[in-house]
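Trainee: If it helps, the file is called start-v4.txt and holds compact mmCIF, C-alpha atoms and all ligand atoms:
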# COMPACT_ATOMS: atom_id res chain seq x y z
CA MET A 1 -3.37 27.95 -26.24
CA VAL A 2 -6.76 26.72 -25.06
CA LYS A 3 -7.41 27.49 -21.45
CA MET A 4 -8.72 24.59 -19.41
CA PRO A 5 -12.03 25.37 -17.73
CA ALA A 6 -11.79 25.85 -13.98
CA ARG A 7 -12.26 22.53 -12.31
CA GLU A 8 -15.29 21.75 -10.23
CA THR A 9 -13.65 20.90 -6.91
CA ALA A 10 -16.63 20.11 -4.65
CA SER A 11 -16.13 16.33 -4.67
CA GLY A 12 -12.36 16.49 -4.30
CA LEU A 13 -12.80 18.92 -1.45
CA ARG A 14 -15.33 16.62 0.20
CA ALA A 15 -12.98 13.61 -0.09
CA VAL A 16 -10.19 15.57 1.59
CA ALA A 17 -12.50 17.03 4.26
CA ARG A 18 -13.75 13.55 5.13
CA CYS A 19 -10.19 12.24 5.53
CA ASP A 20 -9.54 15.21 7.81
CA ASP A 21 -12.71 14.49 9.82
CA LEU A 22 -11.54 10.92 10.33
CA GLY A 23 -8.09 12.05 11.45
CA VAL A 24 -9.06 12.76 15.06
CA ALA A 25 -10.88 11.06 17.96
CA PRO A 26 -13.30 9.28 18.05
CA TYR A 27 -11.98 7.97 14.72
CA SER A 28 -8.50 7.70 16.19
CA ASP A 29 -7.63 5.63 19.26
CA SER A 30 -5.41 8.47 20.45
CA ASP A 31 -6.44 11.98 21.53
CA ASP A 32 -3.32 13.72 20.30
CA HIS A 33 -2.41 11.90 17.10
CA LEU A 34 -3.94 9.63 14.46
CA PHE A 35 -3.69 5.96 15.31
CA ARG A 36 -6.42 3.76 13.87
CA PRO A 37 -5.43 0.15 14.45
CA TYR A 38 -7.47 -2.74 13.11
CA LEU A 39 -10.53 -3.57 15.28
CA GLY A 40 -9.99 -0.66 17.66
CA ALA A 41 -12.67 1.78 18.85
CA GLY A 42 -11.54 4.30 16.22
CA HIS A 43 -11.93 1.67 13.53
CA ALA A 44 -15.51 0.93 14.65
CA ALA A 45 -16.48 4.62 14.69
CA THR A 46 -14.85 5.08 11.28
CA LEU A 47 -16.82 2.22 9.73
CA ASP A 48 -20.11 3.70 10.97
CA ARG A 49 -19.24 6.99 9.35
CA ILE A 50 -18.06 5.43 6.08
CA ALA A 51 -21.19 3.25 5.90
CA ALA A 52 -23.33 6.39 6.12
CA TRP A 53 -21.34 8.05 3.32
CA MET A 54 -21.57 4.92 1.17
CA THR A 55 -25.34 4.84 1.63
CA GLU A 56 -25.59 8.54 0.80
CA ALA A 57 -23.60 7.86 -2.39
CA GLY A 58 -26.12 5.24 -3.55
CA MET A 59 -24.52 2.06 -2.23
CA THR A 60 -25.53 -0.61 0.21
CA ALA A 61 -22.92 -0.98 2.95
CA ARG A 62 -21.89 -3.96 5.05
CA VAL A 63 -19.00 -5.04 7.23
CA ASP A 64 -17.62 -8.36 6.01
CA ALA A 65 -16.44 -11.28 8.16
CA ALA A 66 -12.92 -9.84 8.43
CA GLY A 67 -13.99 -6.32 9.43
CA ASN A 68 -13.67 -4.71 6.00
CA ILE A 69 -16.31 -2.17 5.03
CA VAL A 70 -17.85 -3.04 1.66
CA GLY A 71 -20.12 -0.70 -0.28
CA ARG A 72 -21.93 -1.98 -3.35
CA TYR A 73 -23.44 -0.01 -6.21
CA GLU A 74 -25.54 -2.50 -8.11
CA GLY A 75 -25.27 -2.95 -11.83
CA ARG A 76 -28.24 -3.13 -14.16
CA HIS A 77 -28.76 -6.72 -13.02
CA PRO A 78 -28.47 -8.08 -9.49
CA ASP A 79 -25.51 -10.34 -8.71
CA ALA A 80 -23.42 -8.87 -11.50
CA PRO A 81 -19.67 -9.24 -10.96
CA ALA A 82 -17.99 -6.14 -9.57
CA LEU A 83 -15.29 -3.69 -10.41
CA VAL A 84 -13.75 -3.20 -6.98
CA ILE A 85 -12.22 0.11 -5.90
CA GLY A 86 -10.40 0.00 -2.59
CA SER A 87 -7.68 0.86 -0.17
CA HIS A 88 -7.24 0.63 3.60
CA VAL A 89 -8.78 2.46 6.54
CA ASP A 90 -6.21 1.54 9.22
CA SER A 91 -3.26 3.78 10.03
CA VAL A 92 0.18 3.45 11.53
CA ARG A 93 0.75 5.12 14.91
CA ASP A 94 1.02 8.90 14.47
CA GLY A 95 0.12 8.39 10.83
CA GLY A 96 -1.20 10.73 8.17
CA ARG A 97 -4.85 11.28 7.28
CA TYR A 98 -4.66 10.35 3.58
CA ASP A 99 -2.65 7.12 3.48
CA GLY A 100 -5.26 4.54 2.43
CA MET A 101 -8.31 6.55 3.48
CA LEU A 102 -8.10 8.91 0.52
CA GLY A 103 -8.38 5.92 -1.85
CA VAL A 104 -11.53 4.77 -0.06
CA MET A 105 -13.02 8.28 -0.22
CA LEU A 106 -12.18 8.51 -3.93
CA GLY A 107 -13.99 5.20 -4.45
CA ILE A 108 -17.09 6.60 -2.77
CA GLU A 109 -16.88 9.85 -4.78
CA THR A 110 -16.48 7.87 -8.01
CA VAL A 111 -19.69 5.95 -7.31
CA ALA A 112 -21.47 9.14 -6.19
CA TRP A 113 -20.54 10.77 -9.51
CA PHE A 114 -22.23 8.03 -11.54
CA ALA A 115 -25.15 7.63 -9.11
CA GLU A 116 -25.93 11.36 -9.32
CA ARG A 117 -26.18 10.95 -13.09
CA GLY A 118 -28.37 7.85 -12.74
CA HIS A 119 -25.85 5.73 -14.61
CA ARG A 120 -25.80 1.97 -14.02
CA PHE A 121 -23.31 -0.44 -15.54
CA ALA A 122 -23.42 -4.03 -16.71
CA PHE A 123 -21.21 -4.67 -13.67
CA ALA A 124 -21.52 -3.60 -10.06
CA ILE A 125 -19.01 -1.26 -8.44
CA GLU A 126 -17.85 -2.12 -4.95
CA VAL A 127 -15.80 0.08 -2.67
CA ILE A 128 -13.79 -1.76 -0.02
CA GLY A 129 -12.09 -0.14 2.95
CA PHE A 130 -9.68 -2.81 4.17
CA GLY A 131 -9.40 -3.09 7.95
CA ASP A 132 -5.77 -4.10 8.08
CA GLU A 133 -3.13 -3.22 5.54
CA GLU A 134 -0.46 -1.66 7.73
CA GLY A 135 -0.12 -4.44 10.26
CA SER A 136 -1.51 -1.78 12.58
CA ARG A 137 -2.44 -4.21 15.35
CA PHE A 138 -1.12 -7.72 14.78
CA PRO A 139 2.44 -8.54 13.73
CA VAL A 140 1.52 -9.23 10.09
CA SER A 141 0.29 -6.90 7.37
CA MET A 142 -2.61 -7.02 4.90
CA LEU A 143 -4.45 -9.53 7.08
CA THR A 144 -7.93 -8.57 5.91
CA THR A 145 -6.89 -8.05 2.30
CA ARG A 146 -5.52 -11.58 2.34
CA ALA A 147 -8.84 -12.79 3.75
CA VAL A 148 -10.67 -11.24 0.78
CA ALA A 149 -8.17 -12.63 -1.74
CA GLY A 150 -8.32 -16.05 -0.08
CA VAL A 151 -4.58 -16.24 0.65
CA LEU A 152 -4.44 -16.35 4.45
CA GLY A 153 -1.54 -18.18 6.09
CA ASP A 154 -1.87 -21.02 8.61
CA GLN A 155 -0.80 -18.82 11.53
CA ASP A 156 -3.01 -15.84 10.75
CA LEU A 157 -6.00 -16.79 12.86
CA ALA A 158 -3.80 -17.43 15.92
CA LEU A 159 -2.27 -13.95 15.94
CA VAL A 160 -1.87 -12.04 19.22
CA ASP A 161 -1.36 -8.27 19.49
CA ALA A 162 1.22 -6.44 21.64
CA ALA A 163 -1.25 -6.23 24.55
CA GLY A 164 -1.78 -10.01 24.49
CA VAL A 165 -5.23 -9.84 22.85
CA GLY A 166 -5.78 -12.58 20.28
CA LEU A 167 -7.46 -12.08 16.91
CA ALA A 168 -10.47 -14.13 18.08
CA GLU A 169 -11.01 -11.89 21.10
CA ALA A 170 -10.48 -8.69 19.11
CA LEU A 171 -12.99 -9.85 16.48
CA ASP A 172 -15.45 -10.78 19.21
CA GLY A 173 -15.25 -7.23 20.58
CA PHE A 174 -16.13 -6.05 17.09
CA GLY A 175 -19.13 -8.38 16.85
CA LEU A 176 -17.27 -10.75 14.51
CA ASP A 177 -16.47 -14.45 14.80
CA VAL A 178 -12.97 -15.79 14.12
CA THR A 179 -14.36 -19.09 12.84
CA ARG A 180 -16.10 -17.13 10.08
CA PHE A 181 -13.07 -14.94 9.24
CA VAL A 182 -12.30 -16.87 6.06
CA ASP A 183 -15.83 -16.16 4.80
CA ALA A 184 -14.59 -12.71 3.76
CA VAL A 185 -13.08 -14.44 0.69
CA ARG A 186 -14.43 -13.41 -2.69
CA GLU A 187 -14.92 -15.67 -5.66
CA ARG A 188 -12.83 -14.96 -8.73
CA GLU A 189 -15.85 -14.74 -11.00
CA ASP A 190 -17.37 -12.06 -8.80
CA VAL A 191 -14.43 -9.64 -9.07
CA LEU A 192 -13.70 -8.29 -12.55
CA ALA A 193 -10.83 -6.04 -11.53
CA TYR A 194 -9.36 -4.14 -8.58
CA VAL A 195 -8.41 -0.47 -8.78
CA GLU A 196 -6.66 1.53 -6.08
CA ALA A 197 -5.88 5.22 -5.79
CA HIS A 198 -3.21 5.99 -3.18
CA ILE A 199 -0.90 8.84 -2.29
CA GLU A 200 2.54 8.26 -3.76
CA GLN A 201 4.32 8.33 -0.36
CA GLY A 202 7.39 9.43 -2.29
CA PRO A 203 8.70 12.62 -3.92
CA VAL A 204 8.82 11.77 -7.65
CA LEU A 205 5.46 13.18 -8.83
CA GLU A 206 5.93 16.43 -6.93
CA ALA A 207 9.51 16.84 -8.12
CA GLU A 208 8.47 16.37 -11.74
CA GLY A 209 5.25 18.41 -11.55
CA HIS A 210 2.70 15.62 -12.07
CA ALA A 211 -0.58 15.45 -10.12
CA LEU A 212 -0.97 11.74 -10.87
CA GLY A 213 1.12 8.74 -11.78
CA VAL A 214 0.22 5.31 -13.14
CA VAL A 215 1.79 2.44 -11.25
CA SER A 216 3.41 -0.22 -13.44
CA ALA A 217 4.27 -2.63 -10.63
CA ILE A 218 4.67 -2.98 -6.90
CA ALA A 219 8.33 -3.56 -6.23
CA ALA A 220 10.02 -6.87 -5.60
CA GLN A 221 11.75 -6.91 -2.26
CA TYR A 222 14.61 -8.78 -0.62
CA ARG A 223 15.58 -8.34 2.98
CA PHE A 224 18.91 -9.67 4.23
CA ARG A 225 20.48 -9.76 7.64
CA ALA A 226 24.24 -9.24 7.66
CA VAL A 227 26.38 -10.23 10.64
CA VAL A 228 29.97 -8.95 10.66
CA THR A 229 32.31 -10.55 13.16
CA GLY A 230 35.58 -8.80 14.03
CA VAL A 231 37.71 -8.77 17.12
CA ALA A 232 36.78 -6.57 20.06
CA GLY A 233 39.70 -4.81 21.73
CA HIS A 234 40.69 -1.92 23.98
CA ALA A 235 40.19 1.35 22.09
CA GLY A 236 43.30 2.80 23.73
CA THR A 237 45.77 -0.05 23.36
CA MET A 238 44.79 -1.88 20.15
CA ALA A 239 47.11 -0.58 17.40
CA MET A 240 45.27 0.55 14.28
CA ARG A 241 47.15 -1.83 11.97
CA LEU A 242 46.19 -4.84 14.12
CA ARG A 243 42.49 -4.15 14.29
CA HIS A 244 39.62 -6.21 12.86
CA ASP A 245 37.02 -3.52 13.45
CA ALA A 246 33.55 -4.92 12.66
CA LEU A 247 31.93 -1.48 12.50
CA ALA A 248 34.52 0.07 10.17
CA ALA A 249 34.02 -2.96 7.90
CA ALA A 250 30.22 -2.63 8.15
CA ALA A 251 30.52 1.07 7.30
CA GLU A 252 32.35 0.22 4.09
CA MET A 253 29.68 -2.39 3.33
CA VAL A 254 26.89 0.17 3.84
CA LEU A 255 28.54 2.46 1.31
CA ALA A 256 28.84 -0.46 -1.13
CA VAL A 257 25.10 -1.18 -0.74
CA GLU A 258 24.36 2.48 -1.42
CA ARG A 259 26.63 2.53 -4.49
CA ILE A 260 25.07 -0.64 -5.97
CA GLY A 261 21.55 0.66 -5.29
CA GLY A 262 22.39 3.93 -7.02
CA ALA A 263 23.92 2.29 -10.07
CA GLY A 264 20.70 0.71 -11.37
CA PRO A 265 17.48 2.06 -12.92
CA GLU A 266 15.40 4.65 -11.03
CA ASP A 267 13.20 2.08 -9.33
CA LEU A 268 16.11 0.15 -7.83
CA VAL A 269 16.66 1.10 -4.19
CA ALA A 270 18.93 -0.45 -1.58
CA THR A 271 18.86 0.55 2.07
CA VAL A 272 20.60 -0.24 5.33
CA GLY A 273 18.05 0.95 7.85
CA ARG A 274 19.06 -0.79 11.02
CA MET A 275 22.37 -1.56 12.70
CA GLU A 276 23.40 -2.97 16.04
CA VAL A 277 26.95 -2.56 17.26
CA GLY A 278 28.53 -4.87 19.83
CA PRO A 279 29.59 -4.31 22.45
CA GLY A 280 28.60 -0.73 21.62
CA VAL A 281 30.70 1.15 24.13
CA PRO A 282 33.00 4.12 23.43
CA ASN A 283 36.26 2.54 24.61
CA VAL A 284 36.01 -0.79 22.81
CA VAL A 285 36.82 -1.52 19.17
CA PRO A 286 33.57 -3.02 17.84
CA GLY A 287 33.69 -6.79 17.69
CA ALA A 288 30.34 -7.58 16.08
CA VAL A 289 27.81 -5.70 13.95
CA THR A 290 24.42 -6.81 12.69
CA PHE A 291 22.64 -4.80 10.00
CA SER A 292 19.70 -5.05 7.62
CA ILE A 293 19.77 -4.73 3.83
CA ASP A 294 16.51 -3.95 2.01
CA ILE A 295 16.61 -4.15 -1.80
CA ARG A 296 13.64 -3.30 -4.03
CA ALA A 297 12.99 -2.92 -7.76
CA GLY A 298 10.05 -2.99 -10.14
CA VAL A 299 11.09 -6.30 -11.70
CA ASP A 300 12.60 -9.31 -10.00
CA ALA A 301 15.62 -9.47 -12.33
CA VAL A 302 16.84 -5.96 -11.43
CA ARG A 303 16.50 -6.67 -7.73
CA ASP A 304 18.23 -10.03 -8.16
CA ARG A 305 21.19 -8.49 -10.03
CA ALA A 306 21.68 -5.93 -7.28
CA ALA A 307 21.47 -8.65 -4.64
CA GLU A 308 24.09 -10.69 -6.51
CA ALA A 309 26.39 -7.67 -6.69
CA ILE A 310 25.99 -7.06 -2.96
CA GLN A 311 26.58 -10.73 -2.22
CA ALA A 312 29.80 -10.55 -4.26
CA VAL A 313 31.20 -7.26 -2.95
CA LEU A 314 30.50 -7.58 0.77
CA PRO A 315 32.58 -10.79 1.23
CA GLU A 316 35.48 -9.06 -0.59
CA ILE A 317 35.33 -6.22 1.92
CA ALA A 318 35.16 -8.72 4.78
CA ALA A 319 38.15 -10.70 3.46
CA ARG A 320 40.29 -7.60 2.93
CA ARG A 321 39.54 -6.40 6.47
CA GLY A 322 39.92 -9.78 8.10
CA VAL A 323 36.40 -9.98 9.50
CA GLY A 324 33.76 -12.67 9.21
CA LEU A 325 30.51 -12.10 7.30
CA ASP A 326 27.27 -14.03 7.38
CA LEU A 327 24.47 -12.94 5.01
CA THR A 328 21.00 -14.45 5.53
CA LEU A 329 18.00 -13.89 3.26
CA GLN A 330 15.03 -13.07 5.50
CA GLN A 331 12.30 -11.97 3.11
CA ASP A 332 11.71 -12.58 -0.59
CA LEU A 333 8.66 -10.88 -2.12
CA PRO A 334 8.40 -11.05 -5.90
CA ALA A 335 7.28 -7.99 -7.86
CA THR A 336 3.55 -7.59 -8.47
CA PRO A 337 3.03 -6.24 -11.98
CA CYS A 338 -0.16 -4.23 -12.49
CA ASP A 339 -2.38 -5.58 -15.27
CA GLY A 340 -1.19 -4.31 -18.65
CA SER A 341 -4.57 -3.59 -20.22
CA LEU A 342 -6.06 -2.04 -17.07
CA SER A 343 -2.96 0.14 -16.69
CA ALA A 344 -3.31 1.23 -20.33
CA LEU A 345 -6.93 2.25 -19.58
CA MET A 346 -5.73 4.11 -16.49
CA ALA A 347 -2.95 5.83 -18.45
CA ASP A 348 -5.47 6.87 -21.10
CA ALA A 349 -7.84 8.18 -18.40
CA VAL A 350 -5.03 10.12 -16.70
CA SER A 351 -3.80 11.71 -19.90
CA ALA A 352 -7.37 12.62 -20.94
CA VAL A 353 -7.83 14.44 -17.64
CA THR A 354 -4.39 16.02 -17.21
CA GLY A 355 -3.70 16.69 -20.89
CA ALA A 356 -0.23 15.22 -20.54
CA ALA A 357 1.39 11.83 -21.03
CA PRO A 358 1.13 10.01 -17.71
CA ARG A 359 4.17 9.49 -15.52
CA VAL A 360 4.56 5.74 -15.04
CA LEU A 361 6.31 4.64 -11.88
CA VAL A 362 6.98 1.64 -9.69
CA SER A 363 5.57 1.52 -6.19
CA GLY A 364 8.39 0.90 -3.75
CA ALA A 365 5.86 0.43 -0.94
CA GLY A 366 3.44 -2.47 -0.59
CA HIS A 367 -0.30 -1.88 -1.07
CA ASP A 368 -3.59 -3.80 -0.89
CA ALA A 369 -3.37 -4.11 -4.69
CA MET A 370 -0.38 -6.41 -4.22
CA VAL A 371 -2.58 -8.96 -2.47
CA MET A 372 -5.69 -8.33 -4.58
CA ALA A 373 -3.57 -9.18 -7.65
CA ARG A 374 -3.81 -12.79 -6.49
CA LEU A 375 -7.60 -12.57 -7.01
CA ALA A 376 -8.10 -10.23 -9.99
CA PRO A 377 -6.24 -7.98 -12.43
CA VAL A 378 -5.20 -4.76 -10.67
CA SER A 379 -4.44 -1.16 -11.55
CA MET A 380 -3.13 1.64 -9.34
CA VAL A 381 -2.99 5.40 -9.66
CA PHE A 382 -0.77 7.52 -7.41
CA LEU A 383 -1.52 11.07 -6.22
CA ARG A 384 1.22 13.56 -5.58
CA CYS A 385 1.69 14.28 -1.86
CA ARG A 386 3.55 17.18 -0.32
CA GLY A 387 7.26 16.55 0.07
CA GLY A 388 6.64 12.85 -0.53
CA ILE A 389 5.96 12.63 3.21
CA SER A 390 3.80 9.79 4.56
CA HIS A 391 3.35 7.73 7.74
CA ASN A 392 3.63 11.11 9.39
CA PRO A 393 1.04 13.67 10.59
CA ALA A 394 2.57 16.16 8.10
CA GLU A 395 1.14 14.10 5.21
CA ALA A 396 -0.68 16.52 2.87
CA VAL A 397 -2.39 16.61 -0.53
CA GLU A 398 -3.76 19.42 -2.71
CA VAL A 399 -7.54 19.47 -3.19
CA GLU A 400 -7.00 20.20 -6.89
CA ASP A 401 -4.95 17.00 -7.27
CA VAL A 402 -7.65 14.99 -5.53
CA GLN A 403 -10.21 16.41 -7.94
CA VAL A 404 -8.00 15.45 -10.88
CA ALA A 405 -7.69 11.96 -9.40
CA LEU A 406 -11.48 11.70 -9.10
CA GLU A 407 -11.90 12.74 -12.73
CA ALA A 408 -9.30 10.15 -13.73
CA MET A 409 -11.13 7.47 -11.74
CA THR A 410 -14.49 8.26 -13.37
CA ALA A 411 -12.79 8.39 -16.79
CA PHE A 412 -11.23 5.01 -16.02
CA VAL A 413 -14.60 3.46 -15.07
CA SER A 414 -16.19 4.84 -18.27
CA ARG A 415 -13.36 3.30 -20.32
CA PHE A 416 -13.62 0.04 -18.41
CA GLU A 417 -17.30 -0.11 -19.37
CA GLN A 418 -16.25 -0.21 -23.04
CA THR A 419 -13.84 -3.12 -22.61
CA GLY A 420 -14.52 -6.81 -22.95
CA ALA A 421 -14.38 -7.25 -19.17
CA GLY A 422 -16.87 -4.44 -18.52
CA ALA A 423 -19.23 -5.38 -21.36
CA GLY A 424 -18.67 -9.08 -20.67
CA ALA A 425 -20.26 -8.67 -17.26
CA ALA A 426 -23.58 -8.24 -19.07
CA LEU A 427 -23.02 -11.22 -21.34
CA THR A 428 -22.22 -13.41 -18.38
CA GLN A 429 -25.40 -12.23 -16.73
CA GLU A 430 -27.57 -13.01 -19.77
CA GLU A 431 -25.99 -16.40 -20.20
CA ARG A 432 -26.93 -17.39 -16.67
ZN ZN B 501 -1.33 2.89 2.48
Could I get this file's structure written as structure tokens?
Mentor:
Amino acid sequence: MVKMPARETASGLRAVARCDDLGVAPYSDSDDHLFRPYLGAGHAATLDRIAAWMTEAGMTARVDAAGNIVGRYEGRHPDAPALVIGSHVDSVRDGGRYDGMLGVMLGIETVAWFAERGHRFAFAIEVIGFGDEEGSRFPVSMLTTRAVAGVLGDQDLALVDAAGVGLAEALDGFGLDVTRFVDAVREREDVLAYVEAHIEQGPVLEAEGHALGVVSAIAAQYRFRAVVTGVAGHAGTMAMRLRHDALAAAAEMVLAVERIGGAGPEDLVATVGRMEVGPGVPNVVPGAVTFSIDIRAGVDAVRDRAAEAIQAVLPEIAARRGVGLDLTLQQDLPATPCDGSLSALMADAVSAVTGAAPRVLVSGAGHDAMVMARLAPVSMVFLRCRGGISHNPAEAVEVEDVQVALEAMTAFVSRFEQTGAGAGAALTQEER
């Protein structure tokens, strides 16, 4: 058996060290945990630092009209369309250091790798650190990604945070103007493709011994609200056979949701994550229960079949137990498939670097790529993270895995250069 040469880990180590550097104040708005909300002081300090690293890596750096940091490594010709590598720089409260940020650092390291070798492409490479993916400040998510993709909603510019500060005021404090927010939009012809590296935030890669995984799609999601109405009664005097216990009925429904979720393909998941019991006191038989149902799968049809099964079984349980049931659909997000040919390039790059067939998986969590898919073809690569833990300070990655991811990213860019899209960037330029 041929032994693989020891990997050069300097760049992977640097990417991890930089995420760690940015995990504490002044890059966090909290002194004792990482919280980097959109347009906070920590965000501002972080952008200064990232801009310096982008410049050092051979890029020009700017903050766009929505507060995203954008680094650009020019192609052989100015104004060439770009291959965009990105992820987000904001964090949830008490978040981990690698969620989002590691993808931005890998983008910078990818450019640095080519810049150090003096290699220019027919296309430009841009690295974007999105300011808001998590909904870290305002009660919506992917606000600044949607600005770039040109798919903002009517209400987005009127958003107010939990402290009563409006988007306009928050932008003003950041030196940005809300009336120019939409100017962050990019033209389709200027973005050839979008690539994102992100920690898996789940346990599959670690469990199966893979450093990397290629994402086939970002899951379709349904969210329902279920309201079960029984009859409240005295816990001491209401005979068991006469009860219409809303919570006992809801409990059976939760188990049905779990059973249906577990009966499908691996990427199908169904979760009851929230429940309110009324009146919620120890000596009263529960009269009303409200709970959430979250259903996700890599393709719409699988999600829809599970939803149909749940919508068929829950009313049967309600009827048998003599309780009322009201199911309301609250959120319907279709699946976002990653681009087939870009994913094939990514799979080829991953297997060239790891020496094994790539693990292909569905992302159950939403990512910037989901929104960027409205603007350009997208591809995503996942990195194994310890215990699958994320949105938690215990989030951790292995430097070796990050190095493998960097090699896969550079291998991907080299392959992209050989494709019609990569080579076509030059043709487009000459035709102008
Ligand atoms: Zn993330």
Trainee: From the set A:Ile199, A:Val285, A:Ala115, A:Met59, which residue has the shortest atom-to-atom contact distance to ligand ZN 501 (chain B), counting all atoms listed in the file?
Mentor: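 Under the stated criterion, the closest residue is A:Ile199.
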Trainee: As an NGL selection string, please: every protein or nucleic acid residue near ligand ZN 501 (chain B) (cut-off 8 Å, counting only C-alpha atoms and all ligand atoms).
Mentor: :A and (87-88 or 91 or 99-101 or 133-134 or 198-199 or 366-368)
Trainee: Identify, on the basis of all atoms listed in the file, every residue whose closest approach to Asp332 in chain A does not exceed 9 Å; exclude the query and any residue fewer than 6 positions from it along the same chain; express the result as a compact mmCIF listing (two decimals) with C-alpha atoms, in the coordinates of the input.
Mentor:
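Once everything was written out, this is out_36.txt:
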# COMPACT_ATOMS: atom_id res chain seq x y z
CA ALA A 220 10.02 -6.87 -5.60
CA GLN A 221 11.75 -6.91 -2.26
CA TYR A 222 14.61 -8.78 -0.62
CA ARG A 223 15.58 -8.34 2.98
Trainee: What separation in Å, quoted to one decimal, exists between CA of Leu325 in chain A and CA of Ala309 in chain A?
Mentor: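 Pair CA of Leu325 in chain A / CA of Ala309 in chain A returns 15.2 Å.
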Trainee: What lies within 9 Å of range 403-412 of chain A using only C-alpha atoms, ignoring chain neighbours under 4 positions off, as a PyMOL selection string?
Mentor: chain A and resi 7-13+15+106-107+109-111+113-114+195+197+211-212+342+345-354+381-383+398-399+416-417
Trainee: Which protein, DNA or RNA residues have an atom at most 6 Å from (-1.3, -7.7, 17.2), counting only C-alpha atoms? List them as an NGL selection string.
Mentor: :A and (137-139 or 160-162)
Trainee: What gap, in Å, lies between CA of Ala65 in chain A and CA of Pro337 in chain A?
Mentor: 28.5 Å
Trainee: Residues within 8 Å of (-4.7, -3.9, 16.7), file coordinates, counting only C-alpha atoms: what are they? Give the list as a list in words.
Mentor: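 Within 8 Å of (-4.7, -3.9, 16.7), the protein and nucleic acid residues are Pro37, Tyr38, Leu39, Gly40, Gly135, Ser136, Arg137, Phe138, Asp161 and Ala170 of chain A.
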Trainee: Rounded to one decimal, what separation in Å do you get between CA of Leu375 in chain A and CA of Val92 in chain A?
Mentor: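 Separating CA of Leu375 in chain A from CA of Val92 in chain A is a distance of 25.7 Å.
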Trainee: I'd like to know which of A:Leu157, A:Met253, A:Ala344, A:Ala193 is closest to Phe123 in chain A, using all atoms listed in the file.
Mentor: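 Smallest distance to Phe123 in chain A is found for A:Ala193.
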